[in-house]
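Participant: My questions all concern the structure below.
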Amino acid sequence: MLTLIEKGEANPSLGTLERIGRALGLTLATLVDDKRPGRIRLIAPEAMLTPWRSEEGYGRIAVTGPGAVELWDWRLDPGDRYDAEPDPTGAYEMILVTSGCLTLELAGDRYSLPTGHAARFPSDRHYAYINENADPVRFTRNTLPPPIPAS
């Protein structure tokens with residue numbers, strides 16, 4: 001797969017890119033980001049890395065921070081569903097719904113998060129973001145990697 005990606009002959013899935021990053025000890029954002037310490041970094045929407053798309057929806061990394069923290073901007077259109085692969089043990093996600101009503105599926109349980117609601121959850125198990133409504137859902141997502149073990 002790596003050879004095909006390097007040659008521009010493969011379009012890897014988000015899960016594949018995340019696994020490659022983990023194998024290298026990096027997050028997806030760190031794997032593809034150009035960081036310049038000590039400078040402000042302004043990112044226009046069209047310049048954000050967008051690893052997930054539907055017809056009109058998207059999941060894009062708005063900005064990355066120290067320690068592999070990522071801030072994502074999401075839009076799910078009616079009927080959209082994003083199924084995530086479990087992250088390493090100790091990883092968390094935090095989400096804030098800015099419009100619409102998001103259904104969060106976590107390890108078989110379902111939670112309804114209307115506009116203004118937030119959630120923090122361990123992401124080391126199967127989870128999914130779902131829009132079961134007639135209007136788009138917008139939310140922000142922070143990914144928090146597991147703590148680095150003490151040496």
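Labeling convention for the structure tokens: chains A, B, ... as they appear, residues from 1 per chain, ligands from 1 in order of appearance.
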Using DSSP on the backbone, list every residue of segment 70-137 of chain A that comes out as strand (DSSP E), and give them as a PyMOL selection string.

Facilitator: chain A and resi 70-76+81-84+92-99+101-106+109-114+118-122+127-130+137

Participant: Do a neighbour search on segment 6-13 of chain A at 9 Å with only C-alpha atoms, toss out local chain neighbours closer than 4 positions, and write the hits as a list in words.

Facilitator: Met1, Leu2, Leu17, Glu18, Pro51 and Trp52 of chain A

Participant: Ranking A:Pro136, A:Gly100, A:Pro45, A:Gly108 by minimum distance to Leu76 of chain A and counting only C-alpha atoms, which one comes first?

Facilitator: A:Pro136

Participant: Just want the 12 Å neighbourhood of Asp80 of chain A, counted on only C-alpha atoms, with same-chain residues fewer than 5 positions away dropped. Output as a PyMOL selection string.

Facilitator: chain A and resi 52-59+74-75+102-103+128-138

Participant: Check the smallest atom-to-atom distance from each of A:Phe139, A:Pro114, A:Pro147, A:Ala44 to Met94 of chain A using only C-alpha atoms, then report the winner.

Facilitator: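 Closest residue, counting only C-alpha atoms: A:Phe139.
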